[in-house]
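Have a look at run.txt below; it lists compact mmCIF, C-alpha atoms.
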# COMPACT_ATOMS: atom_id res chain seq x y z
CA MET A 1 31.70 -3.15 -7.24
CA SER A 2 32.98 0.43 -7.31
CA ARG A 3 31.44 3.42 -9.04
CA GLN A 4 34.37 3.80 -11.42
CA GLU A 5 33.66 4.37 -15.11
CA ASP A 6 36.54 2.24 -16.43
CA THR A 7 35.46 -0.84 -18.35
CA THR A 8 38.18 -3.15 -17.14
CA GLN A 9 38.15 -5.31 -14.08
CA VAL A 10 40.52 -7.97 -12.81
CA GLY A 11 39.58 -11.34 -14.29
CA LYS A 12 36.64 -9.93 -16.26
CA GLN A 13 36.63 -8.82 -19.91
CA PRO A 14 34.74 -5.58 -20.79
CA GLY A 15 31.93 -7.39 -22.66
CA ILE A 16 31.35 -9.80 -19.81
CA GLN A 17 31.36 -6.94 -17.32
CA VAL A 18 28.61 -5.16 -19.28
CA ILE A 19 26.49 -8.32 -19.19
CA ALA A 20 27.02 -8.65 -15.45
CA ARG A 21 26.02 -5.02 -14.94
CA ALA A 22 22.93 -5.40 -17.14
CA ALA A 23 21.94 -8.49 -15.15
CA ALA A 24 22.35 -6.60 -11.88
CA ILE A 25 20.13 -3.79 -13.20
CA MET A 26 17.44 -6.23 -14.32
CA ARG A 27 17.54 -8.00 -10.94
CA ALA A 28 17.06 -4.64 -9.22
CA LEU A 29 14.06 -3.89 -11.45
CA GLY A 30 12.69 -7.38 -10.85
CA GLU A 31 12.73 -6.74 -7.10
CA ASN A 32 10.92 -3.42 -7.63
CA PRO A 33 8.04 -4.09 -10.07
CA GLN A 34 6.61 -0.60 -9.52
CA GLY A 35 9.69 0.81 -11.27
CA LEU A 36 12.85 2.68 -10.30
CA SER A 37 14.38 5.98 -11.37
CA LEU A 38 17.87 6.04 -12.90
CA ALA A 39 19.23 7.41 -9.63
CA ALA A 40 17.57 4.64 -7.63
CA ILE A 41 18.89 1.97 -10.00
CA ALA A 42 22.41 3.43 -9.79
CA ASN A 43 22.21 3.34 -6.02
CA ALA A 44 20.87 -0.24 -5.98
CA VAL A 45 23.63 -1.63 -8.22
CA ASP A 46 26.40 0.72 -7.05
CA LEU A 47 27.20 2.14 -10.50
CA PRO A 48 27.46 5.69 -11.87
CA ARG A 49 24.19 7.07 -13.22
CA SER A 50 25.77 7.65 -16.65
CA THR A 51 26.73 3.96 -16.87
CA VAL A 52 23.24 2.89 -15.82
CA GLN A 53 21.69 5.20 -18.40
CA ARG A 54 23.74 3.67 -21.23
CA ILE A 55 22.83 0.12 -20.20
CA ILE A 56 19.16 1.01 -19.72
CA SER A 57 19.07 2.51 -23.23
CA ALA A 58 20.47 -0.70 -24.70
CA LEU A 59 18.01 -2.84 -22.73
CA GLU A 60 15.16 -0.56 -23.79
CA ASP A 61 16.09 -1.07 -27.45
CA GLU A 62 15.63 -4.81 -26.90
CA PHE A 63 12.33 -4.27 -24.99
CA LEU A 64 13.86 -5.85 -21.90
CA VAL A 65 13.05 -2.71 -19.92
CA GLU A 66 10.57 0.08 -20.59
CA SER A 67 9.77 3.52 -19.28
CA VAL A 68 7.16 3.73 -16.52
CA GLY A 69 5.85 7.03 -17.88
CA ARG A 70 6.11 10.69 -17.04
CA GLY A 71 7.96 9.98 -13.81
CA GLY A 72 10.98 8.90 -15.83
CA GLY A 73 11.43 5.58 -14.08
CA PHE A 74 11.85 2.14 -15.61
CA HIS A 75 10.57 -1.38 -15.06
CA LEU A 76 11.05 -4.73 -16.78
CA GLY A 77 9.77 -4.82 -20.34
CA PRO A 78 7.54 -7.10 -22.44
CA ALA A 79 10.41 -9.08 -23.97
CA LEU A 80 11.21 -10.43 -20.53
CA GLY A 81 7.59 -11.54 -20.23
CA GLN A 82 8.00 -13.55 -23.42
CA LEU A 83 11.10 -15.21 -21.99
CA ILE A 84 9.24 -15.95 -18.76
CA HIS A 85 6.42 -17.53 -20.76
CA GLN A 86 8.92 -19.74 -22.55
CA THR A 87 10.38 -20.93 -19.25
CA GLN A 88 6.98 -21.91 -17.84
CA THR A 89 7.15 -25.23 -19.68
CA ASP A 90 10.37 -25.95 -17.77
CA ILE A 91 9.01 -25.02 -14.35
CA ILE A 92 5.76 -26.92 -14.95
CA SER A 93 7.57 -30.10 -15.96
CA LEU A 94 10.02 -29.82 -13.07
CA LEU A 95 7.31 -29.27 -10.46
CA LYS A 96 4.63 -31.62 -11.82
CA THR A 97 5.80 -34.68 -9.86
CA HIS A 98 6.02 -32.69 -6.62
CA LEU A 99 2.59 -31.07 -7.12
CA THR A 100 0.98 -34.40 -7.94
CA ALA A 101 2.47 -36.01 -4.82
CA LEU A 102 1.31 -33.11 -2.65
CA CYS A 103 -2.20 -33.29 -4.11
CA GLU A 104 -2.40 -37.03 -3.53
CA GLN A 105 -1.02 -36.74 0.00
CA LEU A 106 -3.50 -34.07 1.11
CA GLN A 107 -6.38 -34.93 -1.23
CA GLU A 108 -6.73 -31.21 -2.00
CA SER A 109 -6.17 -29.10 -5.11
CA VAL A 110 -2.72 -27.51 -5.38
CA CYS A 111 -1.19 -24.90 -7.66
CA VAL A 112 2.04 -23.10 -8.55
CA SER A 113 1.97 -19.32 -9.04
CA LEU A 114 4.21 -16.34 -9.62
CA LEU A 115 3.87 -12.63 -8.93
CA VAL A 116 3.14 -10.42 -11.94
CA GLY A 117 3.00 -6.83 -10.79
CA ASP A 118 0.49 -6.82 -7.95
CA LYS A 119 -1.34 -9.95 -9.14
CA THR A 120 -0.92 -13.66 -8.48
CA TYR A 121 -0.72 -15.61 -11.76
CA VAL A 122 -1.47 -19.36 -11.66
CA VAL A 123 1.02 -21.22 -13.86
CA ASP A 124 -0.18 -24.78 -13.22
CA ARG A 125 -2.52 -26.70 -10.97
CA ILE A 126 -3.52 -30.22 -9.98
CA VAL A 127 -7.20 -30.68 -9.08
CA ALA A 128 -8.01 -33.14 -6.31
CA GLU A 129 -10.13 -36.18 -7.13
CA ARG A 130 -12.81 -36.06 -4.44
CA GLU A 131 -16.48 -35.18 -4.07
CA LEU A 132 -16.09 -31.63 -2.75
CA ARG A 133 -13.04 -30.10 -4.41
CA VAL A 134 -11.76 -26.72 -5.56
CA VAL A 135 -11.39 -26.24 -9.33
CA PHE A 136 -9.82 -23.07 -10.75
CA PRO A 137 -8.37 -22.21 -14.19
CA ILE A 138 -4.71 -21.91 -15.08
CA GLY A 139 -3.87 -18.28 -15.76
CA ILE A 140 -6.18 -16.86 -13.11
CA ASN A 141 -5.06 -13.41 -11.96
CA ALA A 142 -5.99 -12.49 -8.39
CA PRO A 143 -4.92 -9.52 -6.27
CA ALA A 144 -1.80 -10.77 -4.52
CA TYR A 145 -2.92 -9.43 -1.14
CA THR A 146 -5.97 -11.73 -1.17
CA THR A 147 -4.24 -15.08 -1.72
CA ALA A 148 -1.79 -17.20 0.25
CA SER A 149 0.52 -17.46 -2.79
CA GLY A 150 0.49 -13.72 -3.33
CA LYS A 151 1.11 -12.94 0.32
CA VAL A 152 4.08 -15.28 0.66
CA LEU A 153 5.67 -13.66 -2.40
CA LEU A 154 4.85 -10.14 -1.22
CA ALA A 155 6.43 -10.96 2.14
CA GLU A 156 9.77 -11.60 0.42
CA MET A 157 9.85 -8.15 -1.20
CA PRO A 158 11.87 -5.29 0.32
CA GLU A 159 9.62 -3.17 2.53
CA GLU A 160 10.14 -0.03 0.41
CA ALA A 161 9.10 -1.85 -2.76
CA LEU A 162 6.12 -3.39 -0.98
CA GLU A 163 4.94 0.01 0.24
CA SER A 164 5.09 1.34 -3.32
CA LEU A 165 3.34 -1.66 -4.86
CA LEU A 166 0.34 -1.80 -2.55
CA PRO A 167 -2.34 0.88 -3.03
CA ALA A 168 -3.27 3.06 -0.07
CA SER A 169 -6.67 1.37 0.06
CA LEU A 170 -7.09 -2.31 -0.83
CA GLN A 171 -10.14 -3.30 -2.83
CA ASP A 172 -12.45 -5.66 -0.95
CA MET A 173 -12.94 -8.93 -2.83
CA THR A 174 -14.98 -10.45 0.03
CA SER A 175 -16.00 -9.35 3.50
CA ALA A 176 -12.85 -11.10 4.80
CA THR A 177 -10.36 -9.11 2.66
CA LEU A 178 -7.78 -7.48 4.92
CA GLU A 179 -7.26 -3.77 5.33
CA ARG A 180 -3.80 -2.50 4.38
CA SER A 181 -2.50 -2.13 7.96
CA ASN A 182 -3.69 -5.61 8.90
CA LEU A 183 -2.13 -7.02 5.74
CA LEU A 184 1.27 -5.49 6.53
CA THR A 185 1.09 -6.96 10.05
CA GLN A 186 0.25 -10.36 8.60
CA LEU A 187 3.08 -10.14 6.06
CA ALA A 188 5.52 -9.56 8.91
CA THR A 189 4.33 -12.83 10.46
CA ILE A 190 4.56 -14.64 7.12
CA ARG A 191 8.10 -13.32 6.70
CA ARG A 192 8.99 -15.06 9.95
CA THR A 193 7.03 -18.31 9.59
CA LYS A 194 7.50 -18.74 5.80
CA ILE A 195 3.84 -19.80 5.47
CA GLY A 196 1.28 -17.65 3.66
CA TYR A 197 -2.44 -18.09 4.21
CA ASP A 198 -5.81 -16.62 3.38
CA LYS A 199 -9.23 -17.34 4.83
CA GLY A 200 -11.91 -16.58 2.28
CA GLU A 201 -10.26 -13.28 1.33
CA TYR A 202 -10.45 -13.77 -2.45
CA ILE A 203 -13.43 -16.12 -2.79
CA GLU A 204 -15.89 -16.72 0.03
CA GLY A 205 -15.72 -20.24 1.40
CA LEU A 206 -12.22 -20.98 0.06
CA SER A 207 -8.96 -20.92 1.95
CA SER A 208 -5.34 -21.54 1.00
CA PHE A 209 -1.88 -22.03 2.44
CA ALA A 210 1.35 -21.40 0.52
CA VAL A 211 5.14 -21.38 0.63
CA ALA A 212 7.60 -19.53 -1.61
CA LEU A 213 10.05 -21.38 -3.86
CA ASN A 214 13.43 -19.85 -4.68
CA THR A 215 14.48 -21.75 -7.83
CA TYR A 216 17.05 -21.16 -10.54
CA LEU A 217 14.10 -20.40 -12.84
CA GLY A 218 12.83 -17.66 -10.54
CA ARG A 219 10.63 -17.21 -7.50
CA TYR A 220 7.33 -19.07 -7.36
CA ALA A 221 4.81 -20.16 -4.75
CA ILE A 222 3.01 -23.47 -4.27
CA ALA A 223 -0.33 -23.51 -2.52
CA VAL A 224 -2.96 -25.88 -1.21
CA VAL A 225 -6.51 -24.65 -1.86
CA ALA A 226 -9.47 -26.09 0.04
CA PRO A 227 -12.90 -25.25 1.45
CA VAL A 228 -12.52 -23.11 4.57
CA SER A 229 -13.95 -25.82 6.86
CA ARG A 230 -11.38 -28.44 5.77
CA ALA A 231 -8.54 -25.92 5.71
CA GLU A 232 -9.15 -24.89 9.31
CA ALA A 233 -9.39 -28.51 10.46
CA HIS A 234 -6.17 -29.57 8.73
CA ALA A 235 -4.11 -26.35 8.80
CA GLU A 236 -1.11 -27.84 10.63
CA ARG A 237 -1.03 -30.85 8.30
CA PHE A 238 -1.19 -28.63 5.23
CA GLU A 239 1.63 -26.41 6.51
CA GLN A 240 3.92 -29.33 7.32
CA ALA A 241 3.32 -30.94 3.92
CA LEU A 242 4.03 -27.64 2.13
CA MET A 243 7.29 -27.08 4.02
CA THR A 244 8.45 -30.62 3.19
CA CYS A 245 7.51 -30.11 -0.46
CA LYS A 246 9.38 -26.78 -0.51
CA GLN A 247 12.52 -28.40 0.90
CA ASN A 248 12.38 -31.22 -1.66
CA ILE A 249 11.90 -28.83 -4.59
CA GLU A 250 14.59 -26.37 -3.54
CA GLN A 251 17.01 -29.22 -2.96
CA ALA A 252 16.43 -30.30 -6.56
CA ILE A 253 16.11 -26.97 -8.40
CA GLY A 254 16.98 -24.31 -5.85
CA ALA A 255 18.66 -21.05 -6.88
CA ARG A 256 22.43 -21.11 -6.93
CA LEU A 257 24.07 -19.44 -3.97
CA LYS A 258 25.76 -16.09 -4.61
CA VAL A 259 29.51 -16.08 -4.19

Represent the structure of the file as structure tokens.
Amino acid sequence: MSRQEDTTQVGKQPGIQVIARAAAIMRALGENPQGLSLAAIANAVDLPRSTVQRIISALEDEFLVESVGRGGGFHLGPALGQLIHQTQTDIISLLKTHLTALCEQLQESVCVSLLVGDKTYVVDRIVAERELRVVFPIGINAPAYTTASGKVLLAEMPEEALESLLPASLQDMTSATLERSNLLTQLATIRRTKIGYDKGEYIEGLSSFAVALNTYLGRYAIAVVAPVSRAEAHAERFEQALMTCKQNIEQAIGARLKV
């Protein structure tokens, strides 16, 4: 797309073009939850700043984007959060069969999460039926850098956005919580292997493994959560089961390819 101001394009009516541009801007903001300046948005979507400013103003009126603050940047607004909430019923119903099968296969608790700012938000979970099991509430918010689900989603972010999102010093949740430099090294590995993991970094004695899901309803993560002792003994089995589950889900509800 060029940086021309004209509102006509071959095969695309002006109104449709505005929608496409607004969608591109919102995708750029979605990939940069810390916020972007008008100049940075214009660069990301390859549009003139004046065009971006007009679209941002319209989106702001609808609460789909909001100002970050004094810095003058913007991030996604509360109205989008309401839409996301409304879609959770869809993602939960679509994933329920897969989560249940994964839980029964591994005899461990499993969950589906998404990234909200710098936190991991649990959308749904299936608790294993066994003597020693992990039980956690839906809606739990945990620092993304301490959980397998959070890490696998952080690993998919552009490095510049990741650098801005993570604080200079990470708060210790347990004695096993990683320092920032060690986390970034681990995220590079996760980016390559596609498997996120934590070893008692959020709650002592608990471990988890996770994979990211790229669906037409957005990006999520599914995780297996187990006591550290069982997780270490069955790590390879957990990872293989998660990768198979990921392939099955994305085959059924994967994001449409860009053309």

Point-to-point distance from CA of Glu131 (chain A) to CA of Arg230 (chain A), Å rounded to tenths: 13.0 Å

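You can rank A:Val112, A:Ile140, A:Leu154, A:Cys103 by their closest distance to Phe238 (chain A) using only C-alpha atoms, and at the top of that list sits A:Cys103.
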
Top pick for closest residue to His234 (chain A), considering A:Tyr216, A:Phe136, A:Phe74, A:Phe209 and counting only C-alpha atoms: A:Phe209

List every residue of region 109-198 of chain A that has an atom at most 7 Å from any atom of region 32-39 of chain A, giving for each one its closest atom pair and the distance in Å to one decimal, counting only C-alpha atoms, sorted by chain and then by ascending residue number, as JSON lines.
{"residue": "A:Gly117", "atom": "CA", "partner": "A:Pro33", "partner_atom": "CA", "distance": 5.8}
{"residue": "A:Ala161", "atom": "CA", "partner": "A:Asn32", "partner_atom": "CA", "distance": 5.4}
{"residue": "A:Ser164", "atom": "CA", "partner": "A:Gln34", "partner_atom": "CA", "distance": 6.7}
{"residue": "A:Leu165", "atom": "CA", "partner": "A:Gln34", "partner_atom": "CA", "distance": 5.8}

Taking all atoms of region 223-233 of chain A that the file lists and extending 6 Å past them on each side, where is the centre of the axis-aligned box and how long are its edges? Answer in Å to one decimal, as AutoDock Vina command-line options.
--center_x -7.1 --center_y -25.8 --center_z 4.0 --size_x 25.6 --size_y 17.4 --size_z 25.0

So which residues touch region 192-200 of chain A within 8 Å, counting only C-alpha atoms, skipping near sequence neighbours fewer than 2 positions away, as a compact mmCIF listing (two decimals) with C-alpha atoms, keeping the file's coordinate frame?
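Everything below was put into around19.txt:
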# COMPACT_ATOMS: atom_id res chain seq x y z
CA THR A 146 -5.97 -11.73 -1.17
CA THR A 147 -4.24 -15.08 -1.72
CA ALA A 148 -1.79 -17.20 0.25
CA SER A 149 0.52 -17.46 -2.79
CA LYS A 151 1.11 -12.94 0.32
CA VAL A 152 4.08 -15.28 0.66
CA THR A 174 -14.98 -10.45 0.03
CA ALA A 176 -12.85 -11.10 4.80
CA THR A 177 -10.36 -9.11 2.66
CA ALA A 188 5.52 -9.56 8.91
CA THR A 189 4.33 -12.83 10.46
CA ILE A 190 4.56 -14.64 7.12
CA TYR A 202 -10.45 -13.77 -2.45
CA ILE A 203 -13.43 -16.12 -2.79
CA GLU A 204 -15.89 -16.72 0.03
CA GLY A 205 -15.72 -20.24 1.40
CA LEU A 206 -12.22 -20.98 0.06
CA SER A 207 -8.96 -20.92 1.95
CA SER A 208 -5.34 -21.54 1.00
CA PHE A 209 -1.88 -22.03 2.44
CA ALA A 210 1.35 -21.40 0.52
CA VAL A 211 5.14 -21.38 0.63
CA ALA A 212 7.60 -19.53 -1.61
CA VAL A 228 -12.52 -23.11 4.57
CA GLU A 239 1.63 -26.41 6.51

Shell of 10 Å around Thr215 (chain A), only C-alpha atoms, local chain residues under 6 positions omitted, as a list in words: Ile91, Ile249, Glu250, Gln251, Ala252, Ile253, Gly254, Ala255 and Arg256 of chain A

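At a cut-off of 7 Å from (8.4, -22.3, -1.9), the residue set is Val211, Ala212, Leu213, Asn214, Tyr220, Ala221, Ile222 and Lys246 of chain A (counting only C-alpha atoms).
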
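Of the residues listed (A:Pro158, A:Pro48, A:Pro227, A:Pro167), A:Pro167 shows the shortest atom-to-atom separation from Pro143 (chain A); distances use only C-alpha atoms.
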
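As for CA of Tyr145 (chain A) and CA of Leu183 (chain A), they are spaced 7.3 Å apart.
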
d(CA of Glu163 (chain A), CA of Ser181 (chain A)) in Å: 10.9 Å

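If you measure from each of A:Val45, A:Ala58, A:Ala241, A:Ala79 to Glu104 (chain A) using all atoms listed in the file, the closest one turns out to be A:Ala241.
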
A:Gln240, A:Ser113, A:Asn248, A:Ser67 ranked by distance to Gly150 (chain A), top pick (using all atoms listed in the file): A:Ser113

Test item: residues at most 12 Å from Arg130 (chain A), all atoms listed in the file, excluding those fewer than 4 positions along its chain, as an MDAnalysis selection string: chainID A and resid 103:104 106:109 134:135 226

Would you output that residue set with C-alpha atoms, as a CSV table (one decimal), keeping the file's coordinate frame?
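Listed below is the output, out_31.csv:
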chain,number,residue,atom,x,y,z
A,103,CYS,CA,-2.2,-33.3,-4.1
A,104,GLU,CA,-2.4,-37.0,-3.5
A,106,LEU,CA,-3.5,-34.1,1.1
A,107,GLN,CA,-6.4,-34.9,-1.2
A,108,GLU,CA,-6.7,-31.2,-2.0
A,109,SER,CA,-6.2,-29.1,-5.1
A,134,VAL,CA,-11.8,-26.7,-5.6
A,135,VAL,CA,-11.4,-26.2,-9.3
A,226,ALA,CA,-9.5,-26.1,0.0

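Across A:Val65, A:Arg27, A:Arg133, A:His75, the tightest approach to Val225 (chain A) is made by A:Arg133 when counting all atoms listed in the file.
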